[in-house]
Amino acid sequence: MRGQASYFVWLNRSKESVSLDIKSEAGRKILDDLPDGADVFVQNLAPGAAARLGLDADSLRRVHTSLVVCDISGCGSKRLLAGRKAYDLLIQCETGVVSLSGSESEPAKAGISIADMTAGMYAYSGILSALYTRATMGRVPAVEVRLFDALAEWMGQPPTTPATRENSRCCCRCRMSANGHPKAVRFPSATSASPPTPCSGARRARGSRR
């Protein structure tokens, strides 16, 4: 579509949207009416912005008692890093993801926006759980997702990797293993005199056997 980024079109295909000036009286009225009949409200504004606008879970639930509210933020509002702004690359650095990519001399971020995607997956599952709880128990729990917590959860595996002769350093400062896996059979990339470097893997037709 002319004038629109392909990334925006890809993410918002088949969605209905509206742009509002919520600081104007007309825009605010439309915004206040939008949750009527809705099941879920999701926001990822800057820390404190939702509360100032009356769009936090407590404010919305006073008017819309059955609304599932999902707040997404970088570090949350009640912990050590509360109130700090965040973005994908920063969260990848703070959780140690960049230490697992690239080379020892130059760590690198993941090739995709993994922090954003991880938070989105947890928001999705949290919202489904809240809707199920509302339908079966009559309670409407609020959902809060923090990018830092979401990606830190996925980083729970590297610190459990035991040190080996090839990998004498521990935790997130271990050597990059390219396409290998520290706990499974390795399928290293074949070497090549010139790029691209081929990569191979193996799979059993009936899965793994003991």
# chains A, B, ... in the order shown; residues from 1 in each chain; ligands from 1
call {"tool": "closest_atom_pairs", "arguments": {"of": "range 7-98 of chain A", "to": "range 109-130 of chain A", "cutoff": "7 Å", "atoms": "only C-alpha atoms", "output": "CSV"}}
result
residue,atom,partner,partner_atom,distance
A:Val68,CA,A:Ala130,CA,6.8
A:Asp88,CA,A:Ala115,CA,5.2
A:Leu89,CA,A:Lys109,CA,6.9
A:Ile91,CA,A:Ala115,CA,6.5
A:Gln92,CA,A:Ala115,CA,6.6
A:Val97,CA,A:Lys109,CA,7.0
A:Val98,CA,A:Lys109,CA,4.7
call {"tool": "write_last_selection", "arguments": {"atoms": "all heavy atoms", "output": "tab-separated table (two decimals), in the first residue's frame"}}
result
chain	number	residue	atom	x	y	z
A	68	VAL	N	-10.95	-7.53	30.54
A	68	VAL	CA	-9.60	-8.05	30.83
A	68	VAL	C	-8.59	-7.01	30.35
A	68	VAL	O	-8.55	-6.69	29.16
A	68	VAL	CB	-9.36	-9.40	30.12
A	68	VAL	CG1	-7.90	-9.83	30.28
A	68	VAL	CG2	-10.29	-10.47	30.67
A	88	ASP	N	13.52	-3.35	22.59
A	88	ASP	CA	13.95	-4.73	22.37
A	88	ASP	C	15.45	-4.94	22.58
A	88	ASP	O	15.87	-5.83	23.33
A	88	ASP	CB	13.54	-5.17	20.96
A	88	ASP	CG	13.84	-6.64	20.71
A	88	ASP	OD1	14.96	-6.95	20.26
A	88	ASP	OD2	12.96	-7.47	20.96
A	89	LEU	N	16.29	-4.15	21.92
A	89	LEU	CA	17.73	-4.35	22.02
A	89	LEU	C	18.23	-4.18	23.45
A	89	LEU	O	19.09	-4.94	23.92
A	89	LEU	CB	18.47	-3.40	21.08
A	89	LEU	CG	20.00	-3.46	21.11
A	89	LEU	CD1	20.50	-4.87	20.83
A	89	LEU	CD2	20.60	-2.47	20.12
A	91	ILE	N	16.61	-4.78	26.22
A	91	ILE	CA	16.22	-5.95	26.99
A	91	ILE	C	17.09	-7.15	26.63
A	91	ILE	O	17.48	-7.95	27.49
A	91	ILE	CB	14.74	-6.28	26.77
A	91	ILE	CG1	13.86	-5.13	27.29
A	91	ILE	CG2	14.35	-7.58	27.46
A	91	ILE	CD1	13.98	-4.88	28.78
A	92	GLN	N	17.44	-7.28	25.34
A	92	GLN	CA	18.34	-8.37	24.94
A	92	GLN	C	19.69	-8.24	25.65
A	92	GLN	O	20.29	-9.24	26.05
A	92	GLN	CB	18.55	-8.36	23.42
A	92	GLN	CG	17.35	-8.83	22.62
A	92	GLN	CD	17.72	-9.13	21.18
A	92	GLN	OE1	18.78	-9.70	20.90
A	92	GLN	NE2	16.86	-8.74	20.25
A	97	VAL	N	21.01	-12.05	26.32
A	97	VAL	CA	20.81	-12.72	25.04
A	97	VAL	C	21.95	-12.43	24.08
A	97	VAL	O	22.41	-13.31	23.35
A	97	VAL	CB	19.46	-12.30	24.42
A	97	VAL	CG1	19.35	-12.79	22.98
A	97	VAL	CG2	18.30	-12.86	25.23
A	98	VAL	N	22.44	-11.19	24.07
A	98	VAL	CA	23.50	-10.84	23.12
A	98	VAL	C	24.80	-11.59	23.40
A	98	VAL	O	25.65	-11.71	22.52
A	98	VAL	CB	23.77	-9.31	23.12
A	98	VAL	CG1	22.57	-8.54	22.62
A	98	VAL	CG2	24.18	-8.84	24.50
call {"tool": "closest_atom_pairs", "arguments": {"of": "range 81-151 of chain A", "to": "range 39-61 of chain A", "cutoff": "8 Å", "atoms": "only C-alpha atoms", "output": "JSON lines"}}
result
{"residue": "A:Gly83", "atom": "CA", "partner": "A:Pro47", "partner_atom": "CA", "distance": 5.1}
{"residue": "A:Arg84", "atom": "CA", "partner": "A:Pro47", "partner_atom": "CA", "distance": 6.8}
{"residue": "A:Lys85", "atom": "CA", "partner": "A:Ala46", "partner_atom": "CA", "distance": 6.6}
{"residue": "A:Ile127", "atom": "CA", "partner": "A:Val40", "partner_atom": "CA", "distance": 7.7}
{"residue": "A:Ala142", "atom": "CA", "partner": "A:Ala57", "partner_atom": "CA", "distance": 6.8}
call {"tool": "residues_around", "arguments": {"residues": "Ala86 in chain A", "least_positions_apart": "3", "cutoff": "8 Å", "atoms": "only C-alpha atoms", "output": "ChimeraX atom specification"}}
result
/A:73-75,90-91
call {"tool": "write_last_selection", "arguments": {"atoms": "C-alpha atoms", "output": "mmCIF file, in the first residue's frame"}}
result
data_model
loop_
_atom_site.group_PDB
_atom_site.id
_atom_site.type_symbol
_atom_site.label_atom_id
_atom_site.label_comp_id
_atom_site.auth_asym_id
_atom_site.auth_seq_id
_atom_site.Cartn_x
_atom_site.Cartn_y
_atom_site.Cartn_z
ATOM 1 C CA SER A 73 5.954 -2.642 29.831
ATOM 2 C CA GLY A 74 9.698 -3.006 29.839
ATOM 3 C CA CYS A 75 10.281 -3.518 33.556
ATOM 4 C CA LEU A 90 18.121 -2.981 25.545
ATOM 5 C CA ILE A 91 16.223 -5.953 26.995
#
call {"tool": "residues_around", "arguments": {"residues": "Pro107 in chain A", "least_positions_apart": "4", "cutoff": "10 Å", "atoms": "only C-alpha atoms", "output": "ChimeraX atom specification"}}
result
/A:93,96-103,176
call {"tool": "write_last_selection", "arguments": {"atoms": "all heavy atoms", "output": "PDB file, in the first residue's frame"}}
result
ATOM      1  N   CYS A  93      20.161  -7.015  25.804  1.00  0.00           N
ATOM      2  CA  CYS A  93      21.436  -6.791  26.492  1.00  0.00           C
ATOM      3  C   CYS A  93      21.315  -7.093  27.981  1.00  0.00           C
ATOM      4  O   CYS A  93      22.163  -7.778  28.566  1.00  0.00           O
ATOM      5  CB  CYS A  93      21.898  -5.349  26.287  1.00  0.00           C
ATOM      6  SG  CYS A  93      22.335  -4.925  24.589  1.00  0.00           S
ATOM      7  N   GLY A  96      21.092 -10.804  28.802  1.00  0.00           N
ATOM      8  CA  GLY A  96      22.229 -11.624  28.397  1.00  0.00           C
ATOM      9  C   GLY A  96      22.074 -12.321  27.069  1.00  0.00           C
ATOM     10  O   GLY A  96      22.937 -13.123  26.689  1.00  0.00           O
ATOM     11  N   VAL A  97      21.010 -12.047  26.325  1.00  0.00           N
ATOM     12  CA  VAL A  97      20.809 -12.720  25.043  1.00  0.00           C
ATOM     13  C   VAL A  97      21.953 -12.428  24.076  1.00  0.00           C
ATOM     14  O   VAL A  97      22.413 -13.314  23.351  1.00  0.00           O
ATOM     15  CB  VAL A  97      19.459 -12.303  24.419  1.00  0.00           C
ATOM     16  CG1 VAL A  97      19.352 -12.795  22.982  1.00  0.00           C
ATOM     17  CG2 VAL A  97      18.304 -12.863  25.234  1.00  0.00           C
ATOM     18  N   VAL A  98      22.440 -11.188  24.072  1.00  0.00           N
ATOM     19  CA  VAL A  98      23.502 -10.836  23.118  1.00  0.00           C
ATOM     20  C   VAL A  98      24.796 -11.591  23.401  1.00  0.00           C
ATOM     21  O   VAL A  98      25.649 -11.708  22.523  1.00  0.00           O
ATOM     22  CB  VAL A  98      23.770  -9.313  23.117  1.00  0.00           C
ATOM     23  CG1 VAL A  98      22.566  -8.544  22.624  1.00  0.00           C
ATOM     24  CG2 VAL A  98      24.184  -8.839  24.505  1.00  0.00           C
ATOM     25  N   SER A  99      24.948 -12.111  24.621  1.00  0.00           N
ATOM     26  CA  SER A  99      26.169 -12.853  24.942  1.00  0.00           C
ATOM     27  C   SER A  99      26.171 -14.237  24.314  1.00  0.00           C
ATOM     28  O   SER A  99      27.194 -14.920  24.307  1.00  0.00           O
ATOM     29  CB  SER A  99      26.321 -12.989  26.462  1.00  0.00           C
ATOM     30  OG  SER A  99      25.341 -13.867  26.998  1.00  0.00           O
ATOM     31  N   LEU A 100      25.025 -14.671  23.800  1.00  0.00           N
ATOM     32  CA  LEU A 100      24.923 -15.999  23.203  1.00  0.00           C
ATOM     33  C   LEU A 100      25.010 -15.965  21.690  1.00  0.00           C
ATOM     34  O   LEU A 100      24.937 -17.007  21.040  1.00  0.00           O
ATOM     35  CB  LEU A 100      23.592 -16.652  23.611  1.00  0.00           C
ATOM     36  CG  LEU A 100      23.323 -16.752  25.112  1.00  0.00           C
ATOM     37  CD1 LEU A 100      21.988 -17.419  25.357  1.00  0.00           C
ATOM     38  CD2 LEU A 100      24.438 -17.512  25.809  1.00  0.00           C
ATOM     39  N   SER A 101      25.120 -14.783  21.115  1.00  0.00           N
ATOM     40  CA  SER A 101      25.172 -14.644  19.661  1.00  0.00           C
ATOM     41  C   SER A 101      26.457 -13.935  19.256  1.00  0.00           C
ATOM     42  O   SER A 101      27.195 -13.423  20.095  1.00  0.00           O
ATOM     43  CB  SER A 101      23.955 -13.850  19.151  1.00  0.00           C
ATOM     44  OG  SER A 101      22.757 -14.476  19.542  1.00  0.00           O
ATOM     45  N   GLY A 102      26.684 -13.866  17.968  1.00  0.00           N
ATOM     46  CA  GLY A 102      27.871 -13.181  17.486  1.00  0.00           C
ATOM     47  C   GLY A 102      29.140 -13.953  17.796  1.00  0.00           C
ATOM     48  O   GLY A 102      29.179 -15.179  17.747  1.00  0.00           O
ATOM     49  N   SER A 103      30.187 -13.239  18.153  1.00  0.00           N
ATOM     50  CA  SER A 103      31.474 -13.857  18.474  1.00  0.00           C
ATOM     51  C   SER A 103      31.905 -13.407  19.858  1.00  0.00           C
ATOM     52  O   SER A 103      31.295 -12.528  20.463  1.00  0.00           O
ATOM     53  CB  SER A 103      32.528 -13.450  17.439  1.00  0.00           C
ATOM     54  OG  SER A 103      32.755 -12.045  17.489  1.00  0.00           O
ATOM     55  N   MET A 176      30.361 -18.817  22.425  1.00  0.00           N
ATOM     56  CA  MET A 176      29.306 -19.038  21.465  1.00  0.00           C
ATOM     57  C   MET A 176      29.521 -20.395  20.806  1.00  0.00           C
ATOM     58  O   MET A 176      30.641 -20.748  20.445  1.00  0.00           O
ATOM     59  CB  MET A 176      29.304 -17.944  20.396  1.00  0.00           C
ATOM     60  CG  MET A 176      28.830 -16.588  20.899  1.00  0.00           C
ATOM     61  SD  MET A 176      29.996 -15.813  22.037  1.00  0.00           S
ATOM     62  CE  MET A 176      29.192 -14.239  22.291  1.00  0.00           C
TER      63      MET A 176
END
call {"tool": "residues_around", "arguments": {"residues": "Asp36 in chain A", "least_positions_apart": "3", "cutoff": "9 Å", "atoms": "only C-alpha atoms", "output": "ChimeraX atom specification"}}
result
/A:32-33,39,64,67
call {"tool": "write_last_selection", "arguments": {"atoms": "all heavy atoms", "output": "CSV table (one decimal), in the first residue's frame"}}
result
chain,number,residue,atom,x,y,z
A,32,ASP,N,-13.2,6.6,25.6
A,32,ASP,CA,-13.9,6.1,26.7
A,32,ASP,C,-15.1,5.1,26.3
A,32,ASP,O,-15.4,4.2,27.1
A,32,ASP,CB,-14.5,7.2,27.5
A,32,ASP,CG,-13.5,8.1,28.2
A,32,ASP,OD1,-12.4,7.5,28.4
A,32,ASP,OD2,-13.7,9.2,28.5
A,33,ASP,N,-15.6,5.3,25.1
A,33,ASP,CA,-16.7,4.4,24.6
A,33,ASP,C,-16.2,3.1,24.0
A,33,ASP,O,-16.9,2.1,23.9
A,33,ASP,CB,-17.6,5.1,23.6
A,33,ASP,CG,-18.3,6.3,24.2
A,33,ASP,OD1,-18.5,6.3,25.5
A,33,ASP,OD2,-18.8,7.2,23.5
A,39,ASP,N,-13.9,-7.3,25.1
A,39,ASP,CA,-13.4,-8.3,26.1
A,39,ASP,C,-12.0,-8.0,26.7
A,39,ASP,O,-11.7,-8.3,27.8
A,39,ASP,CB,-13.4,-9.7,25.5
A,39,ASP,CG,-14.8,-10.3,25.2
A,39,ASP,OD1,-15.6,-10.4,26.1
A,39,ASP,OD2,-15.1,-10.6,24.0
A,64,HIS,N,-15.7,-0.7,33.6
A,64,HIS,CA,-16.0,-1.9,32.7
A,64,HIS,C,-15.5,-3.1,33.6
A,64,HIS,O,-14.4,-3.6,33.5
A,64,HIS,CB,-15.2,-1.8,31.4
A,64,HIS,CG,-15.4,-0.5,30.7
A,64,HIS,ND1,-16.5,-0.3,29.9
A,64,HIS,CD2,-14.6,0.6,30.6
A,64,HIS,CE1,-16.4,1.0,29.4
A,64,HIS,NE2,-15.3,1.5,29.8
A,67,LEU,N,-14.0,-6.4,31.9
A,67,LEU,CA,-12.9,-6.1,30.9
A,67,LEU,C,-11.6,-6.7,31.4
A,67,LEU,O,-11.1,-6.5,32.5
A,67,LEU,CB,-12.7,-4.6,30.7
A,67,LEU,CG,-11.7,-4.2,29.6
A,67,LEU,CD1,-12.3,-4.6,28.2
A,67,LEU,CD2,-11.5,-2.7,29.6
call {"tool": "closest_residue", "arguments": {"among": "A:Ser66, A:Thr95, A:Ser24, A:Ser77", "to": "Leu131 in chain A", "atoms": "only C-alpha atoms"}}
result
A:Ser66
call {"tool": "atom_distance", "arguments": {"atom1": "CA of Leu147 in chain A", "atom2": "CA of Glu104 in chain A"}}
result
25.5 Å
call {"tool": "atom_distance", "arguments": {"atom1": "CA of Val140 in chain A", "atom2": "CA of Asp71 in chain A"}}
result
14.2 Å
